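Report on one structure; see the data block that follows.
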Amino acid sequence: NYTQHKSNMEYESALHKIIQKERPACILSINMLGFDNSGILTQTAQRYGIPLAVWFVDDPHPILLSQCQYINPTITAFTWERSYIPFLKKKGFTKIKHLPLATDPRQWKKGTTAPEIRLGFVGNAMGGKFLNKIKSKFMYTSSLEALIYHTADELLQFPEESIAELLKNNAAKHNLAIPFDDVRNTTWLCSCIIHTASMKKRKAMVERLLDQGIELTGDPQDWKNILTECPVIHPEVDYNKSLKQVYQNIEINVNSTSCQMPTAVNQRVFDIPLCGNLVITDYQKDMDDLFDLKNEAVTYTSLDEMNDKISFYKNNPSAAQQITGAASKRILSCHTYSHRLEIILEGL
């Protein structure tokens with residue numbers, strides 16, 4: 001990491017040493033992390049003839065506000081969400097491939113004791129604190145709140161529509177002015193809308209499942225701020241250190257995919273089955289390519305369907321375990337990071 005070095009010269013020297021020692025087949029950046037201001041990483045990779053790849057696992061629009069100058073025709077871009085491919089092409093990437101998320105089987109293992117929580121959701125509300133961080137990045141004023149909420153509602157109805165078009169149409173429809181038109185402010189406004197929609201989606205899911213006794217693990221205060229009635233809320237946990245034990249302790253995990261992912265699946269779909277418990281997830285188009293939906297996954301397309309399937313699998317634990325076992329086998333045979341790295345190396 002170049003930020004750990006005192007100077008560009010020190011970073012360049014350290015980079016040369018590690019390349020000469022490890023002889024890597026490629027250099028992979030996640031979300032363009034590690035690209036230094038002087039272009040040392042790109043130049044060094046080219047000098048040694050080492051392919052350089054970027055794997056986007058978050059919305060690339062905000063990322064490329066500051067990282068756009070590092071785009072180079074020699075870099076291969078991979079994206080977990082296929083709907084961003086046209087944008088990446090427009091920004092200058094010439095080699096772009098769709099690459100779904102995956103998991104590390106060394107991190108996730110089946111528990112040795114029976115789960116204590118029958119139904120749970122692990123994740124923050126994506127409300128107050130989360131949205132306020134995004135609002136601090138653009139010229140937010142309270143006058144934009146109505147436009148943000150109107151557009152978020154439309155995004156939930158039409159998840160694959162252009163957020164920029166929805167924003168423009170809603171501004172005209174409700175006679176609401178946008179006080180800027182530059183790329184930076186507009187990008188972060190769109191991000192705020194996307195995550196507001198995700199917050200609304202999670203809120204609706206949780207409130208529908210209050211009668212089912214759902215328990216939450218995430219930021220308790222943010223959840224309390226958006227819910228009209230609160231279930232049991234456990235504190236937020238570290239993804240790498242404590243999340244395995246949480247997943248092992250929840251018999252049925254419900255999943256809600258972020259609205260920055262119109263077609264892709266998120267990490268829970270891969271991680272939870274390896275912990276030995278069922279995940280019931282909102283349907284995403286990529287599920288068709290990743291799993292046998294009849295035998296290896298449980299999906300829903302409405303809150304009523306979600307509620308019905310949770311009731312069914314609560315009463316049929318053997319069916320839940322059969323699905324979970326089949327999902328685990330599929331994940332271990334097709335959806336680990338080792339499998340994704342093979343695709344990356346083949347695609348360079």
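Within each chain, counting starts at residue 1; across the structure tokens, chains are named A, B, ... in the order shown, with ligands numbered 1 upward in that order.
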Neighbour list for Ile194 (chain A) as a ChimeraX atom specification, cut-off 7 Å, only C-alpha atoms, skip fewer than 6 positions in-chain = /A:152,259-260
Exercise. Taking the DSSP assignment computed from this structure's backbone, write out as a VMD selection string all residues of region 148-292 of chain A that belong to strand (DSSP E).
Key: chain A and resid 215 to 217 233 to 234 250 to 255 278 to 282
For Thr44 (chain A), please output as a short mmCIF file (atom, residue, chain, number, x, y, z; two decimals) with C-alpha atoms, in the first residue's frame all residues within 12 Å (counting only C-alpha atoms; exclusion window: fewer than 2 positions along the same chain).
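Generated file (result-v2.cif):
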```
data_model
loop_
_atom_site.label_atom_id
_atom_site.label_comp_id
_atom_site.auth_asym_id
_atom_site.auth_seq_id
_atom_site.Cartn_x
_atom_site.Cartn_y
_atom_site.Cartn_z
CA TYR A 11 7.01 3.19 -2.45
CA GLU A 12 8.48 2.56 -5.91
CA SER A 13 11.48 0.77 -4.40
CA ALA A 14 9.25 -1.42 -2.22
CA LEU A 15 7.02 -2.23 -5.19
CA HIS A 16 10.01 -3.32 -7.31
CA LYS A 17 11.28 -5.54 -4.48
CA ILE A 18 7.98 -7.33 -3.93
CA ILE A 19 7.45 -7.89 -7.66
CA GLN A 20 10.94 -9.30 -8.07
CA CYS A 26 -1.07 -10.17 -12.31
CA ILE A 27 -1.73 -7.22 -10.03
CA PHE A 35 -3.37 3.44 -7.43
CA ASP A 36 -0.92 6.17 -6.43
CA SER A 38 2.22 9.54 -9.53
CA GLY A 39 1.20 6.53 -11.63
CA ILE A 40 3.98 4.38 -10.20
CA LEU A 41 1.81 1.26 -9.96
CA THR A 42 0.71 1.43 -13.60
CA GLN A 46 3.94 -2.13 -17.62
CA ARG A 47 7.71 -2.19 -17.15
CA TYR A 48 7.61 -5.77 -15.85
CA GLY A 49 4.95 -6.85 -18.32
CA ILE A 50 2.55 -7.75 -15.50
CA PRO A 51 -1.18 -7.47 -16.36
CA LEU A 52 -3.12 -5.01 -14.21
#
```
task = Could you give me the residues within region 13-250 of chain A that DSSP places in helix (DSSP H, G or I), as a ChimeraX atom specification?
result = /A:13-22,40-48,60-70,82-91,128-135,142-157,163-173,183-208,210-212,220-226,243-248
Can I get the selection written as a compact mmCIF listing (two decimals), in the first residue's frame, with C-alpha atoms?
```
# COMPACT_ATOMS: atom_id res chain seq x y z
CA SER A 13 11.48 0.77 -4.40
CA ALA A 14 9.25 -1.42 -2.22
CA LEU A 15 7.02 -2.23 -5.19
CA HIS A 16 10.01 -3.32 -7.31
CA LYS A 17 11.28 -5.54 -4.48
CA ILE A 18 7.98 -7.33 -3.93
CA ILE A 19 7.45 -7.89 -7.66
CA GLN A 20 10.94 -9.30 -8.07
CA LYS A 21 10.40 -11.57 -5.05
CA GLU A 22 6.84 -12.78 -5.74
CA ILE A 40 3.98 4.38 -10.20
CA LEU A 41 1.81 1.26 -9.96
CA THR A 42 0.71 1.43 -13.60
CA GLN A 43 4.19 2.27 -14.91
CA THR A 44 5.85 -0.49 -12.87
CA ALA A 45 3.33 -3.09 -14.00
CA GLN A 46 3.94 -2.13 -17.62
CA ARG A 47 7.71 -2.19 -17.15
CA TYR A 48 7.61 -5.77 -15.85
CA PRO A 60 -18.01 2.76 -9.82
CA HIS A 61 -19.56 6.22 -10.28
CA PRO A 62 -18.30 7.70 -6.96
CA ILE A 63 -15.05 5.70 -7.18
CA LEU A 64 -14.12 7.14 -10.56
CA LEU A 65 -14.70 10.72 -9.46
CA SER A 66 -11.19 10.61 -7.98
CA GLN A 67 -9.65 7.61 -9.74
CA CYS A 68 -10.52 8.39 -13.35
CA GLN A 69 -7.04 9.66 -14.18
CA TYR A 70 -5.62 6.17 -13.59
CA ARG A 82 -23.18 -6.06 -15.25
CA SER A 83 -25.33 -2.92 -15.59
CA TYR A 84 -22.23 -0.76 -15.00
CA ILE A 85 -20.42 -2.06 -18.09
CA PRO A 86 -21.64 0.77 -20.40
CA PHE A 87 -20.50 3.38 -17.86
CA LEU A 88 -17.06 1.78 -17.52
CA LYS A 89 -16.70 1.79 -21.31
CA LYS A 90 -17.67 5.45 -21.41
CA LYS A 91 -15.02 6.26 -18.81
CA GLY A 128 -29.07 8.33 9.40
CA LYS A 129 -25.31 8.01 9.89
CA PHE A 130 -24.76 6.19 6.61
CA LEU A 131 -26.79 8.65 4.52
CA ASN A 132 -25.34 11.67 6.34
CA LYS A 133 -21.84 10.63 5.24
CA ILE A 134 -23.02 10.64 1.64
CA LYS A 135 -24.82 13.98 2.06
CA SER A 142 -33.08 19.97 3.06
CA SER A 143 -34.92 21.18 -0.06
CA LEU A 144 -33.54 18.11 -1.87
CA GLU A 145 -35.09 15.64 0.58
CA ALA A 146 -38.44 15.38 -1.20
CA LEU A 147 -36.71 14.78 -4.54
CA ILE A 148 -34.46 12.13 -2.98
CA TYR A 149 -37.42 10.28 -1.48
CA HIS A 150 -39.60 10.50 -4.61
CA THR A 151 -36.79 9.21 -6.80
CA ALA A 152 -35.88 6.45 -4.31
CA ASP A 153 -39.49 5.23 -4.43
CA GLU A 154 -39.40 5.09 -8.23
CA LEU A 155 -36.06 3.26 -8.17
CA LEU A 156 -37.64 0.57 -6.01
CA GLN A 157 -40.37 0.16 -8.63
CA ILE A 163 -30.99 6.69 -11.88
CA ALA A 164 -30.07 9.89 -13.75
CA GLU A 165 -33.23 9.64 -15.85
CA LEU A 166 -35.42 8.91 -12.83
CA LEU A 167 -33.91 11.92 -11.07
CA LYS A 168 -34.48 14.21 -14.04
CA ASN A 169 -38.06 13.01 -14.55
CA ASN A 170 -38.94 13.36 -10.87
CA ALA A 171 -37.53 16.86 -10.68
CA ALA A 172 -39.77 17.88 -13.60
CA LYS A 173 -42.80 15.90 -12.37
CA VAL A 183 -20.68 15.63 -12.26
CA ARG A 184 -19.41 15.43 -8.68
CA ASN A 185 -22.51 16.79 -6.97
CA THR A 186 -24.86 14.88 -9.26
CA THR A 187 -22.97 11.61 -8.72
CA TRP A 188 -23.21 11.86 -4.94
CA LEU A 189 -26.87 12.93 -5.14
CA CYS A 190 -27.57 9.79 -7.19
CA SER A 191 -25.65 7.73 -4.62
CA CYS A 192 -27.78 9.22 -1.85
CA ILE A 193 -30.93 8.26 -3.75
CA ILE A 194 -29.70 4.69 -4.34
CA HIS A 195 -28.92 4.14 -0.67
CA THR A 196 -32.11 5.84 0.48
CA ALA A 197 -33.96 3.30 -1.65
CA SER A 198 -31.93 0.52 0.00
CA MET A 199 -32.87 1.87 3.43
CA LYS A 200 -36.56 1.94 2.47
CA LYS A 201 -36.29 -1.61 1.13
CA ARG A 202 -34.69 -2.92 4.32
CA LYS A 203 -37.20 -1.08 6.51
CA ALA A 204 -40.16 -2.60 4.63
CA MET A 205 -38.63 -6.08 4.84
CA VAL A 206 -38.00 -5.89 8.59
CA GLU A 207 -41.41 -4.42 9.41
CA ARG A 208 -43.11 -7.16 7.41
CA LEU A 210 -41.87 -8.30 12.99
CA ASP A 211 -44.64 -10.84 13.61
CA GLN A 212 -42.22 -13.61 12.63
CA PRO A 220 -29.02 -0.41 16.79
CA GLN A 221 -29.53 3.36 16.87
CA ASP A 222 -30.00 3.72 13.12
CA TRP A 223 -32.51 0.84 13.12
CA LYS A 224 -34.43 2.40 16.02
CA ASN A 225 -34.56 5.70 14.13
CA ILE A 226 -36.27 4.24 11.05
CA LEU A 243 -19.72 -12.51 11.48
CA LYS A 244 -19.21 -16.26 11.11
CA GLN A 245 -20.50 -16.88 14.63
CA VAL A 246 -23.53 -14.66 13.96
CA TYR A 247 -24.48 -16.53 10.78
CA GLN A 248 -23.98 -19.85 12.56
```
Q | Top pick for closest residue to Asn295 (chain A), considering A:Gln267, A:Ser256, A:Thr324, A:Asn315 and counting only C-alpha atoms | A |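 The closest residue to Asn295 (chain A) is A:Thr324.
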#### Entry: Option closest in space to His339 (chain A), from A:Asp104, A:Glu305, A:Asp59, A:Glu229 [counting only C-alpha atoms]
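Going through A:Asp104, A:Glu305, A:Asp59, A:Glu229 one by one, the smallest distance to His339 (chain A) is for A:Asp104.
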Could you give me, as a count of residues only, the residues within 10 Å of Pro73 (chain A), counting only C-alpha atoms and dropping anything in the same chain fewer than 5 positions from it? 4
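With CA of Asn37 (chain A) on one side and CA of Val54 (chain A) on the other, the separation reads 16.5 Å.
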